[in-house]
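Asker: What follows is protein08.txt, compact mmCIF, C-alpha atoms.
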# COMPACT_ATOMS: atom_id res chain seq x y z
CA MET A 1 19.59 -116.57 -57.63
CA ALA A 2 21.97 -115.20 -60.22
CA SER A 3 25.49 -113.88 -59.83
CA LEU A 4 27.03 -110.61 -60.94
CA ALA A 5 30.06 -112.14 -62.62
CA ALA A 6 31.98 -109.10 -63.88
CA PHE A 7 31.76 -105.36 -64.34
CA GLY A 8 33.19 -103.08 -67.02
CA ALA A 9 33.25 -99.39 -67.90
CA TYR A 10 34.26 -96.88 -70.50
CA LEU A 11 34.87 -93.16 -70.05
CA PRO A 12 35.53 -90.62 -72.79
CA GLN A 13 38.92 -88.91 -72.71
CA LYS A 14 37.80 -85.28 -72.64
CA VAL A 15 37.61 -83.75 -69.17
CA ILE A 16 35.37 -80.79 -68.37
CA SER A 17 36.64 -79.19 -65.18
CA ASN A 18 34.63 -76.96 -62.89
CA ALA A 19 36.86 -74.06 -63.93
CA VAL A 20 35.60 -74.39 -67.51
CA LEU A 21 31.97 -74.14 -66.36
CA ALA A 22 32.37 -71.69 -63.49
CA ASP A 23 33.13 -68.62 -65.60
CA GLU A 24 30.20 -69.18 -67.92
CA LEU A 25 27.82 -69.95 -65.06
CA GLY A 26 28.95 -67.01 -62.94
CA CYS A 27 29.93 -69.19 -60.00
CA SER A 28 33.12 -70.62 -58.54
CA ASP A 29 34.79 -74.02 -58.58
CA GLU A 30 34.29 -74.12 -54.80
CA TRP A 31 30.56 -73.41 -55.12
CA ILE A 32 30.16 -76.35 -57.51
CA VAL A 33 32.06 -78.69 -55.20
CA GLN A 34 29.96 -77.54 -52.26
CA ALA A 35 26.72 -78.01 -54.21
CA CYS A 36 27.39 -81.53 -55.47
CA GLY A 37 30.91 -82.75 -54.70
CA ILE A 38 31.87 -82.82 -58.38
CA GLN A 39 35.28 -81.54 -59.51
CA GLU A 40 35.19 -82.66 -63.13
CA ARG A 41 33.19 -84.77 -65.56
CA ARG A 42 33.85 -86.44 -68.93
CA GLN A 43 32.41 -85.41 -72.27
CA ALA A 44 32.04 -87.79 -75.20
CA ALA A 45 33.55 -86.94 -78.57
CA GLU A 46 31.18 -86.52 -81.50
CA HIS A 47 31.68 -90.09 -82.73
CA GLU A 48 31.13 -91.52 -79.25
CA THR A 49 27.41 -92.07 -79.48
CA VAL A 50 25.40 -93.79 -76.74
CA PRO A 51 25.62 -97.18 -78.52
CA ALA A 52 29.37 -96.67 -79.11
CA LEU A 53 29.96 -95.87 -75.43
CA GLY A 54 27.85 -98.84 -74.42
CA ALA A 55 29.72 -101.23 -76.71
CA LYS A 56 33.06 -100.13 -75.24
CA ALA A 57 31.86 -100.80 -71.68
CA ALA A 58 30.39 -104.14 -72.78
CA GLU A 59 33.70 -105.19 -74.34
CA ASP A 60 35.55 -104.23 -71.15
CA CYS A 61 33.10 -106.24 -69.06
CA MET A 62 33.33 -109.35 -71.25
CA ALA A 63 37.13 -109.13 -71.30
CA ARG A 64 37.20 -109.00 -67.51
CA ALA A 65 34.85 -111.99 -67.41
CA GLY A 66 37.16 -113.83 -69.81
CA LEU A 67 34.26 -114.59 -72.11
CA ALA A 68 33.43 -113.79 -75.71
CA ALA A 69 30.48 -111.54 -76.41
CA SER A 70 29.10 -114.31 -78.61
CA GLY A 71 28.16 -116.18 -75.43
CA VAL A 72 25.62 -113.56 -74.36
CA ASP A 73 22.00 -114.80 -74.37
CA LEU A 74 20.23 -111.50 -73.68
CA LEU A 75 21.32 -107.85 -73.75
CA LEU A 76 19.65 -105.15 -71.64
CA VAL A 77 20.67 -101.55 -72.33
CA SER A 78 19.71 -98.55 -70.21
CA SER A 79 20.03 -94.97 -71.39
CA SER A 80 18.39 -91.63 -70.63
CA SER A 81 20.18 -89.90 -73.47
CA PRO A 82 19.87 -91.89 -76.71
CA GLU A 83 20.33 -89.97 -79.96
CA GLN A 84 17.07 -91.17 -81.47
CA ARG A 85 13.62 -92.45 -80.53
CA PHE A 86 14.12 -95.72 -82.39
CA PRO A 87 15.81 -98.01 -82.77
CA GLY A 88 16.99 -97.73 -79.18
CA PRO A 89 20.64 -98.31 -78.31
CA ALA A 90 20.17 -101.97 -77.35
CA ALA A 91 19.99 -103.28 -80.92
CA LEU A 92 22.91 -101.08 -81.95
CA VAL A 93 25.10 -102.18 -79.03
CA ALA A 94 24.24 -105.78 -79.89
CA HIS A 95 25.27 -105.19 -83.49
CA SER A 96 28.57 -103.63 -82.39
CA LEU A 97 29.25 -106.72 -80.28
CA GLY A 98 28.52 -109.01 -83.22
CA LEU A 99 25.35 -110.35 -81.62
CA SER A 100 22.87 -111.21 -84.33
CA GLY A 101 19.51 -112.67 -83.39
CA VAL A 102 20.13 -112.30 -79.65
CA PRO A 103 17.30 -110.36 -77.97
CA ALA A 104 18.33 -106.84 -77.06
CA LEU A 105 15.99 -104.82 -74.88
CA ASP A 106 16.05 -101.11 -74.05
CA VAL A 107 15.35 -100.18 -70.43
CA SER A 108 14.05 -96.68 -69.78
CA ALA A 109 14.07 -95.90 -66.06
CA ALA A 110 16.28 -92.79 -66.08
CA SER A 111 19.05 -92.87 -63.49
CA ALA A 112 17.61 -96.04 -61.96
CA GLY A 113 17.84 -97.85 -65.33
CA SER A 114 20.91 -99.94 -64.59
CA LEU A 115 19.52 -101.01 -61.22
CA PHE A 116 16.20 -101.98 -62.83
CA ALA A 117 18.06 -103.89 -65.53
CA LEU A 118 20.23 -105.71 -62.97
CA CYS A 119 17.22 -106.69 -60.86
CA VAL A 120 15.25 -107.92 -63.86
CA ALA A 121 18.29 -109.77 -65.25
CA SER A 122 18.93 -111.50 -61.94
CA ARG A 123 15.38 -112.86 -62.01
CA MET A 124 15.51 -113.84 -65.69
CA SER A 125 18.80 -115.72 -65.60
CA VAL A 126 17.07 -119.09 -65.42
CA ALA A 127 15.77 -118.51 -68.95
CA TYR A 128 18.84 -116.56 -70.16
CA PRO A 129 21.97 -117.85 -68.38
CA ARG A 130 24.25 -115.02 -69.58
CA ILE A 131 22.68 -111.58 -69.56
CA LEU A 132 24.77 -108.53 -70.34
CA VAL A 133 23.50 -105.35 -68.71
CA VAL A 134 24.81 -102.11 -70.20
CA ALA A 135 24.11 -98.51 -69.25
CA ALA A 136 25.41 -95.75 -71.52
CA GLU A 137 24.87 -92.02 -71.23
CA ARG A 138 25.76 -88.89 -73.15
CA MET A 139 24.12 -86.52 -70.71
CA THR A 140 26.33 -83.56 -71.65
CA SER A 141 24.68 -83.49 -75.07
CA VAL A 142 21.75 -81.99 -73.15
CA SER A 143 23.23 -80.56 -69.95
CA LEU A 144 25.96 -78.57 -71.71
CA ARG A 145 23.71 -77.24 -74.45
CA ARG A 146 23.71 -73.43 -74.46
CA PRO A 147 22.44 -71.47 -72.66
CA LEU A 148 23.69 -73.40 -69.65
CA ASP A 149 21.44 -74.05 -66.67
CA ARG A 150 23.51 -73.80 -63.50
CA ASN A 151 21.44 -76.46 -61.71
CA THR A 152 22.08 -79.19 -64.26
CA ALA A 153 25.23 -78.14 -66.17
CA ILE A 154 27.40 -78.77 -63.12
CA LEU A 155 26.03 -82.26 -62.49
CA PHE A 156 26.16 -84.44 -65.54
CA GLY A 157 28.89 -86.31 -67.35
CA ASP A 158 29.20 -88.99 -70.03
CA GLY A 159 30.23 -92.62 -69.74
CA ALA A 160 29.11 -96.22 -69.78
CA GLY A 161 29.14 -99.22 -67.49
CA ALA A 162 28.31 -102.90 -67.86
CA CYS A 163 27.69 -106.01 -65.79
CA LEU A 164 27.53 -109.66 -66.81
CA VAL A 165 24.73 -111.45 -64.95
CA MET A 166 24.99 -115.24 -64.95
CA ASP A 167 22.70 -117.93 -63.63
CA GLU A 168 25.53 -119.39 -61.56
CA GLY A 169 29.25 -119.11 -61.03
CA PRO A 170 31.70 -116.89 -59.14
CA GLY A 171 31.18 -113.23 -58.40
CA LEU A 172 28.51 -111.54 -56.33
CA ARG A 173 25.58 -113.83 -55.62
CA VAL A 174 22.32 -111.89 -55.78
CA ILE A 175 20.34 -112.44 -52.58
CA ASP A 176 17.28 -110.22 -53.09
CA SER A 177 16.07 -107.06 -54.77
CA VAL A 178 13.19 -104.58 -54.58
CA LEU A 179 11.98 -102.10 -57.18
CA HIS A 180 9.45 -99.27 -56.99
CA SER A 181 7.98 -96.64 -59.34
CA ASP A 182 5.65 -93.70 -58.78
CA GLY A 183 4.66 -91.28 -61.51
CA ALA A 184 3.13 -88.74 -59.14
CA PHE A 185 6.27 -86.61 -59.39
CA GLY A 186 6.86 -87.20 -63.10
CA GLY A 187 6.97 -83.46 -63.77
CA ASP A 188 9.63 -82.74 -61.18
CA LEU A 189 12.50 -84.30 -63.13
CA ARG A 190 12.04 -84.69 -66.84
CA LEU A 191 13.80 -84.50 -70.14
CA GLY A 192 11.51 -83.70 -73.04
CA LEU A 193 12.22 -84.78 -76.59
CA ASP A 194 14.21 -81.64 -77.31
CA GLY A 195 15.48 -80.87 -73.80
CA PRO A 196 16.47 -79.09 -71.64
CA ILE A 197 16.48 -81.10 -68.40
CA GLU A 198 13.77 -79.75 -66.11
CA MET A 199 14.54 -80.41 -62.46
CA ASN A 200 12.78 -79.32 -59.31
CA GLY A 201 15.82 -80.01 -57.16
CA GLN A 202 14.03 -79.58 -53.85
CA THR A 203 11.41 -82.21 -54.66
CA VAL A 204 13.99 -84.60 -56.07
CA ILE A 205 16.20 -84.32 -53.01
CA LEU A 206 13.25 -84.60 -50.62
CA GLN A 207 11.96 -87.74 -52.30
CA ALA A 208 15.36 -89.36 -52.81
CA HIS A 209 16.41 -88.56 -49.25
CA ARG A 210 13.37 -90.47 -47.99
CA LYS A 211 13.02 -93.25 -50.55
CA ILE A 212 16.61 -94.47 -50.91
CA PRO A 213 17.17 -95.27 -47.21
CA ALA A 214 13.66 -96.78 -47.05
CA THR A 215 14.24 -99.11 -49.99
CA ILE A 216 17.61 -100.20 -48.59
CA GLN A 217 15.98 -100.91 -45.24
CA GLU A 218 13.22 -102.81 -47.04
CA VAL A 219 15.52 -105.22 -48.88
CA LEU A 220 17.69 -105.70 -45.79
CA ALA A 221 14.71 -106.35 -43.50
CA ARG A 222 13.47 -109.06 -45.86
CA GLN A 223 16.74 -110.88 -45.18
CA GLY A 224 16.91 -110.09 -41.47
CA LEU A 225 19.86 -107.75 -42.02
CA ARG A 226 20.77 -104.23 -40.88
CA PRO A 227 22.71 -101.48 -42.68
CA SER A 228 25.73 -102.23 -40.50
CA ASP A 229 25.83 -105.73 -42.06
CA ILE A 230 26.74 -104.27 -45.47
CA ALA A 231 30.41 -104.04 -46.44
CA VAL A 232 29.89 -101.58 -49.26
CA PHE A 233 26.98 -99.59 -50.68
CA MET A 234 27.10 -98.97 -54.42
CA MET A 235 24.74 -96.06 -54.99
CA HIS A 236 23.83 -94.09 -58.09
CA GLN A 237 26.31 -91.21 -58.13
CA ALA A 238 23.75 -88.39 -58.20
CA ASN A 239 25.25 -85.88 -55.78
CA GLN A 240 27.83 -86.36 -53.00
CA ASN A 241 25.61 -84.46 -50.56
CA LEU A 242 22.82 -86.98 -51.16
CA ILE A 243 25.18 -89.94 -50.73
CA THR A 244 26.38 -88.47 -47.43
CA ARG A 245 22.83 -87.93 -46.17
CA VAL A 246 21.69 -91.42 -47.13
CA ALA A 247 24.63 -92.85 -45.14
CA ARG A 248 23.65 -90.65 -42.21
CA ALA A 249 20.01 -91.76 -42.42
CA LEU A 250 21.13 -95.39 -42.26
CA ASP A 251 23.56 -94.62 -39.43
CA VAL A 252 26.56 -96.08 -41.27
CA PRO A 253 29.87 -94.33 -42.00
CA VAL A 254 29.85 -92.57 -45.37
CA SER A 255 33.08 -94.44 -46.11
CA ARG A 256 30.90 -97.54 -46.66
CA PHE A 257 29.41 -95.75 -49.69
CA PHE A 258 31.83 -96.01 -52.59
CA SER A 259 32.00 -92.70 -54.39
CA ASN A 260 33.70 -91.63 -57.61
CA ILE A 261 31.43 -88.68 -58.34
CA ALA A 262 34.20 -86.11 -57.80
CA LEU A 263 35.97 -87.18 -60.99
CA ARG A 264 33.11 -88.72 -62.99
CA GLY A 265 30.14 -86.48 -62.31
CA ASN A 266 26.59 -87.80 -62.46
CA THR A 267 26.45 -90.17 -65.44
CA SER A 268 22.78 -91.01 -64.82
CA SER A 269 22.07 -94.72 -65.21
CA ALA A 270 25.70 -95.51 -66.08
CA SER A 271 27.03 -94.18 -62.78
CA MET A 272 26.30 -97.19 -60.56
CA LEU A 273 27.95 -99.63 -62.97
CA ILE A 274 30.96 -97.36 -63.58
CA ALA A 275 31.36 -97.07 -59.81
CA ALA A 276 31.11 -100.85 -59.38
CA SER A 277 33.61 -101.41 -62.17
CA GLU A 278 36.13 -99.06 -60.58
CA TYR A 279 35.56 -100.42 -57.09
CA PHE A 280 35.97 -104.09 -57.97
CA ALA A 281 38.95 -103.42 -60.24
CA GLY A 282 40.78 -101.90 -57.32
CA ARG A 283 40.04 -104.37 -54.54
CA GLY A 284 38.40 -107.64 -53.65
CA LEU A 285 35.81 -108.61 -51.10
CA GLU A 286 36.04 -111.31 -48.49
CA GLN A 287 33.74 -114.27 -48.96
CA GLY A 288 30.40 -113.42 -47.38
CA ASP A 289 30.85 -109.66 -47.65
CA ARG A 290 27.57 -108.08 -48.67
CA VAL A 291 27.09 -105.34 -51.23
CA CYS A 292 23.96 -103.22 -51.57
CA PHE A 293 23.28 -101.53 -54.91
CA THR A 294 20.76 -98.71 -54.92
CA ALA A 295 19.49 -96.02 -57.28
CA PHE A 296 16.83 -93.36 -57.66
CA GLY A 297 15.82 -91.71 -60.90
CA ALA A 298 13.24 -89.63 -62.73
CA GLY A 299 9.83 -91.19 -62.84
CA PHE A 300 10.35 -91.65 -59.95
CA HIS A 301 11.95 -95.10 -60.09
CA TRP A 302 14.00 -96.48 -57.19
CA GLY A 303 15.09 -99.70 -55.55
CA ALA A 304 17.89 -101.77 -54.09
CA LEU A 305 19.68 -105.03 -54.82
CA LEU A 306 21.48 -107.08 -52.19
CA ALA A 307 24.37 -109.37 -53.15
CA GLU A 308 27.05 -111.37 -51.37
CA ALA A 309 30.64 -112.17 -52.35
CA THR A 310 31.23 -115.86 -53.00
CA MET B 1 5.91 -71.75 -26.50
CA THR B 2 3.30 -71.42 -29.26
CA LYS B 3 3.20 -73.71 -32.26
CA ARG B 4 4.51 -70.94 -34.50
CA GLU B 5 7.39 -70.25 -32.13
CA ARG B 6 8.30 -73.95 -32.17
CA ILE B 7 8.25 -73.91 -35.99
CA ILE B 8 10.38 -70.76 -36.15
CA LYS B 9 12.91 -72.33 -33.82
CA ILE B 10 13.26 -75.32 -36.18
CA VAL B 11 13.41 -73.13 -39.30
CA GLU B 12 16.13 -71.02 -37.69
CA LYS B 13 18.14 -74.13 -36.85
CA PHE B 14 18.43 -75.07 -40.52
CA GLY B 15 18.43 -71.58 -42.04
CA GLN B 16 21.61 -70.17 -43.52
CA ASN B 17 21.45 -66.41 -43.60
CA GLY B 18 20.52 -65.61 -40.01
CA GLY B 19 17.43 -63.70 -38.96
CA VAL B 20 13.87 -64.92 -39.01
CA PRO B 21 11.92 -64.77 -42.29
CA GLU B 22 8.47 -63.21 -42.26
CA ALA B 23 5.62 -65.72 -42.02
CA ASP B 24 4.75 -65.38 -45.71
CA GLU B 25 8.31 -64.94 -46.98
CA SER B 26 9.68 -67.75 -49.14
CA LEU B 27 12.32 -69.78 -47.38
CA PHE B 28 13.77 -70.86 -50.72
CA GLU B 29 13.81 -67.79 -52.94
CA SER B 30 15.96 -65.86 -50.49
CA GLY B 31 18.37 -68.80 -50.22
CA TYR B 32 17.47 -69.18 -46.56
CA LEU B 33 17.00 -72.94 -46.95
CA ASP B 34 18.87 -75.01 -49.56
CA SER B 35 17.74 -78.31 -51.07
CA PHE B 36 19.67 -80.38 -48.55
CA ALA B 37 18.54 -78.42 -45.48
CA LEU B 38 14.88 -79.02 -46.37
CA PRO B 39 14.85 -82.79 -45.61
CA ASP B 40 16.60 -82.11 -42.32
CA MET B 41 14.06 -79.44 -41.40
CA ILE B 42 11.16 -81.76 -42.26
CA GLY B 43 12.70 -84.51 -40.14
CA ALA B 44 12.94 -82.07 -37.24
CA LEU B 45 9.28 -81.07 -37.70
CA GLU B 46 8.26 -84.73 -37.55
CA GLY B 47 10.17 -85.13 -34.31
CA GLU B 48 8.98 -81.91 -32.71
CA PHE B 49 5.29 -82.46 -33.44
CA GLN B 50 5.32 -86.27 -33.30
CA ILE B 51 3.87 -86.55 -36.79
CA LYS B 52 4.73 -88.75 -39.77
CA ILE B 53 4.85 -86.85 -43.04
CA PRO B 54 4.03 -89.29 -45.87
CA ASP B 55 6.10 -89.34 -49.05
CA ALA B 56 3.14 -88.00 -51.02
CA ASP B 57 3.25 -84.81 -48.94
CA LEU B 58 6.98 -84.25 -49.47
CA ASN B 59 6.33 -81.33 -51.72
CA PRO B 60 8.46 -78.20 -51.17
CA ARG B 61 5.43 -75.96 -51.71
CA LYS B 62 3.91 -77.25 -48.48
CA PHE B 63 7.00 -76.08 -46.58
CA SER B 64 7.93 -72.94 -48.49
CA THR B 65 6.96 -70.41 -45.78
CA ILE B 66 6.51 -70.47 -42.03
CA ALA B 67 2.76 -69.91 -42.52
CA ARG B 68 2.48 -72.88 -44.88
CA ILE B 69 4.45 -75.09 -42.53
CA GLU B 70 2.08 -74.15 -39.71
CA GLU B 71 -0.91 -74.87 -41.93
CA TYR B 72 0.51 -78.25 -42.84
CA VAL B 73 1.39 -79.17 -39.26
CA ASP B 74 -2.18 -78.22 -38.23
CA SER B 75 -3.53 -80.61 -40.85
CA ARG B 76 -1.49 -83.48 -39.41
CA LEU B 77 -2.22 -82.95 -35.71
Before anything else, please render the file you have as structure tokens.
Answerer:
Amino acid sequence: MASLAAFGAYLPQKVISNAVLADELGCSDEWIVQACGIQERRQAAEHETVPALGAKAAEDCMARAGLAASGVDLLLVSSSSPEQRFPGPAALVAHSLGLSGVPALDVSAASAGSLFALCVASRMSVAYPRILVVAAERMTSVSLRRPLDRNTAILFGDGAGACLVMDEGPGLRVIDSVLHSDGAFGGDLRLGLDGPIEMNGQTVILQAHRKIPATIQEVLARQGLRPSDIAVFMMHQANQNLITRVARALDVPVSRFFSNIALRGNTSSASMLIAASEYFAGRGLEQGDRVCFTAFGAGFHWGALLAEAT
Amino acid sequence: MTKRERIIKIVEKFGQNGGVPEADESLFESGYLDSFALPDMIGALEGEFQIKIPDADLNPRKFSTIARIEEYVDSRL
């Protein structure tokens, strides 16, 4: 199987604190923290489009890998918040990186987009030895559009993450992955062409609360492993309360779930890669340590990827 | 203890505002149950009545009042 060779990220400079939103929403900073664990989120500047954010994260990733972008064989780009229907951000990110003629594919699986792209890339690396996965989001362009909706305005932030997937080499060796989709609840979390985000929070939480632990258990059981065998869980940063409950459902300490949601907010499909980038920049893993990536997004789409430090 | 009494006991355990809602009173609109208490309450119902609620039935409308919960539990027993 493939290896996850390097991660990268880019975050806009502008910070939107809870205090900024609380007055307008008629709530308190404390209420927002209690509802989702978020203290602040980033907002992209006008020129920081989805492709621009994605290109920045891609450059960071390639620099950390010590490789030139010209060596990329395939580019996969996930976004829930592109500025236009077509062309999608993949071709534009590729152009920003100076990739001409390299296939660039858009992945649309909402907040699970980066996980879907990673899983697909890890299984395609025989044909494309260096696959760059990018996830870029400008969710505040929708979530902070007036009038604000309290349920979604507090959640989302902007940012981008990236991961270089290689057919072999150092990094995290991919052991296995599982993906699932079910459109039965397609109306419970959706973003129409002109917004706003429509979210039936109770259904989303109910489904995610059940499906995320189940998909983690599924990929672990296929390898004869248990949740306690995982050194770190890298989960889509949707809501701290959900992360805590997934840890509880798996009977592992919540400290095994890396979390940066307090300062980054929910950056949809970018969140898992931003989290991974921040985690691996700050510390290393022992050889043999296992990492489980997992995400759940509108659709619904969900799944898990198991990897091991080499 | 009747089935309804067992359900009310579980609803009370996860409710936030105290008191017992009327059988047809929404558990959500009054803020009695929040989004994260709902999965816990459903897990407790599964344990109490020894039933497995499939993902397809994880629809808040089926659990929005005590009467609807009782109706759903009846359908699974």
Asker: Would you mind listing what lies within 12 Å of Leu45 (chain B) as a ChimeraX atom specification, with all atoms listed in the file counted and same-chain residues fewer than 3 positions away left out?
Answerer: /B:3-4,6-11,13-14,38-42,48-53,63,66,69-70,72-74,76-77
Asker: Convert the current residue selection to file output with C-alpha atoms, as a short mmCIF file (atom, residue, chain, number, x, y, z; two decimals), in the frame of the given file.
Answerer:
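Result file selection04.cif:
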data_model
loop_
_atom_site.label_atom_id
_atom_site.label_comp_id
_atom_site.auth_asym_id
_atom_site.auth_seq_id
_atom_site.Cartn_x
_atom_site.Cartn_y
_atom_site.Cartn_z
CA LYS B 3 3.20 -73.71 -32.26
CA ARG B 4 4.51 -70.94 -34.50
CA ARG B 6 8.30 -73.95 -32.17
CA ILE B 7 8.25 -73.91 -35.99
CA ILE B 8 10.38 -70.76 -36.15
CA LYS B 9 12.91 -72.33 -33.82
CA ILE B 10 13.26 -75.32 -36.18
CA VAL B 11 13.41 -73.13 -39.30
CA LYS B 13 18.14 -74.13 -36.85
CA PHE B 14 18.43 -75.07 -40.52
CA LEU B 38 14.88 -79.02 -46.37
CA PRO B 39 14.85 -82.79 -45.61
CA ASP B 40 16.60 -82.11 -42.32
CA MET B 41 14.06 -79.44 -41.40
CA ILE B 42 11.16 -81.76 -42.26
CA GLU B 48 8.98 -81.91 -32.71
CA PHE B 49 5.29 -82.46 -33.44
CA GLN B 50 5.32 -86.27 -33.30
CA ILE B 51 3.87 -86.55 -36.79
CA LYS B 52 4.73 -88.75 -39.77
CA ILE B 53 4.85 -86.85 -43.04
CA PHE B 63 7.00 -76.08 -46.58
CA ILE B 66 6.51 -70.47 -42.03
CA ILE B 69 4.45 -75.09 -42.53
CA GLU B 70 2.08 -74.15 -39.71
CA TYR B 72 0.51 -78.25 -42.84
CA VAL B 73 1.39 -79.17 -39.26
CA ASP B 74 -2.18 -78.22 -38.23
CA ARG B 76 -1.49 -83.48 -39.41
CA LEU B 77 -2.22 -82.95 -35.71
#
Asker: If we count all atoms listed in the file, what is near region 253-259 of chain A at a cut-off of 6 Å, once residues fewer than 2 positions away on the same chain are taken out, given as number ranges by chain?
Answerer: A: 232-234, 244, 247, 261
Asker: Using only C-alpha atoms for the distances, tell me which of A:Ala35, A:Leu99, A:Ala309, A:Leu179 is nearest to chain B.
Answerer: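 That would be A:Ala35, the residue with the smallest distance to chain B.
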Asker: Which residue, A:Ser96, A:Ser177, A:Ser143, A:Gln202, has the smallest gap to Glu29 (chain B) when you use only C-alpha atoms?
Answerer: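 Smallest separation from Glu29 (chain B) among the options: A:Gln202.
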Asker: With all atoms listed in the file considered, list every residue of chain A at most 9 Å from chain B, as a PyMOL selection string.
Answerer: chain A and resi 184+201-207+209-211+241-242+245
Asker: Applying 7 Å and all atoms listed in the file, which residues near Gly299 (chain A) remain after dropping the ones on its own chain fewer than 6 positions away? List them as a list of chain:residue names.
Answerer: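 What passes the distance filter is A:Ser181, A:Asp182, A:Gly183, A:Phe185, A:Gly186.
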Asker: To one decimal place, how far is CA of Cys61 (chain A) from CA of Val142 (chain A) in Å?
Answerer: 27.1 Å
Asker: Would you be able to write out as a PyMOL selection string which residues have an atom within 9 Å of (19.6, -79.5, -73.8) in the file's coordinates, counting all atoms listed in the file?
Answerer: chain A and resi 139-148+191+194-197
Asker: Record the distance separating CA of Pro87 (chain A) and CA of Ala52 (chain A), expressed in Å with one decimal.
Answerer: 14.1 Å
Asker: Take region 170-184 of chain A, bring it up to N, CA and C atoms, and give me the output as a tab-separated table (two decimals), in the frame of the given file.
Answerer:
chain	number	residue	atom	x	y	z
A	170	PRO	N	31.07	-117.80	-60.11
A	170	PRO	CA	31.70	-116.89	-59.14
A	170	PRO	C	31.25	-115.45	-59.34
A	171	GLY	N	31.55	-114.65	-58.34
A	171	GLY	CA	31.18	-113.23	-58.40
A	171	GLY	C	30.33	-112.88	-57.21
A	172	LEU	N	29.43	-111.93	-57.39
A	172	LEU	CA	28.51	-111.54	-56.33
A	172	LEU	C	27.19	-112.28	-56.50
A	173	ARG	N	26.84	-113.10	-55.53
A	173	ARG	CA	25.58	-113.83	-55.62
A	173	ARG	C	24.43	-112.91	-55.21
A	174	VAL	N	23.46	-112.76	-56.08
A	174	VAL	CA	22.32	-111.89	-55.78
A	174	VAL	C	21.44	-112.59	-54.75
A	175	ILE	N	21.17	-111.88	-53.66
A	175	ILE	CA	20.34	-112.44	-52.58
A	175	ILE	C	18.88	-112.02	-52.75
A	176	ASP	N	18.66	-110.73	-53.04
A	176	ASP	CA	17.28	-110.22	-53.09
A	176	ASP	C	17.30	-108.84	-53.76
A	177	SER	N	16.16	-108.41	-54.20
A	177	SER	CA	16.07	-107.06	-54.77
A	177	SER	C	14.64	-106.53	-54.66
A	178	VAL	N	14.52	-105.22	-54.60
A	178	VAL	CA	13.19	-104.58	-54.58
A	178	VAL	C	13.21	-103.40	-55.56
A	179	LEU	N	12.11	-103.21	-56.24
A	179	LEU	CA	11.98	-102.10	-57.18
A	179	LEU	C	10.66	-101.38	-56.93
A	180	HIS	N	10.67	-100.06	-57.14
A	180	HIS	CA	9.45	-99.27	-56.99
A	180	HIS	C	9.40	-98.18	-58.06
A	181	SER	N	8.18	-97.77	-58.42
A	181	SER	CA	7.98	-96.64	-59.34
A	181	SER	C	6.76	-95.85	-58.88
A	182	ASP	N	6.79	-94.55	-59.12
A	182	ASP	CA	5.65	-93.70	-58.78
A	182	ASP	C	5.68	-92.47	-59.69
A	183	GLY	N	4.70	-92.38	-60.55
A	183	GLY	CA	4.66	-91.28	-61.51
A	183	GLY	C	4.08	-89.98	-60.99
A	184	ALA	N	3.76	-89.94	-59.70
A	184	ALA	CA	3.13	-88.74	-59.14
A	184	ALA	C	4.03	-87.51	-59.27
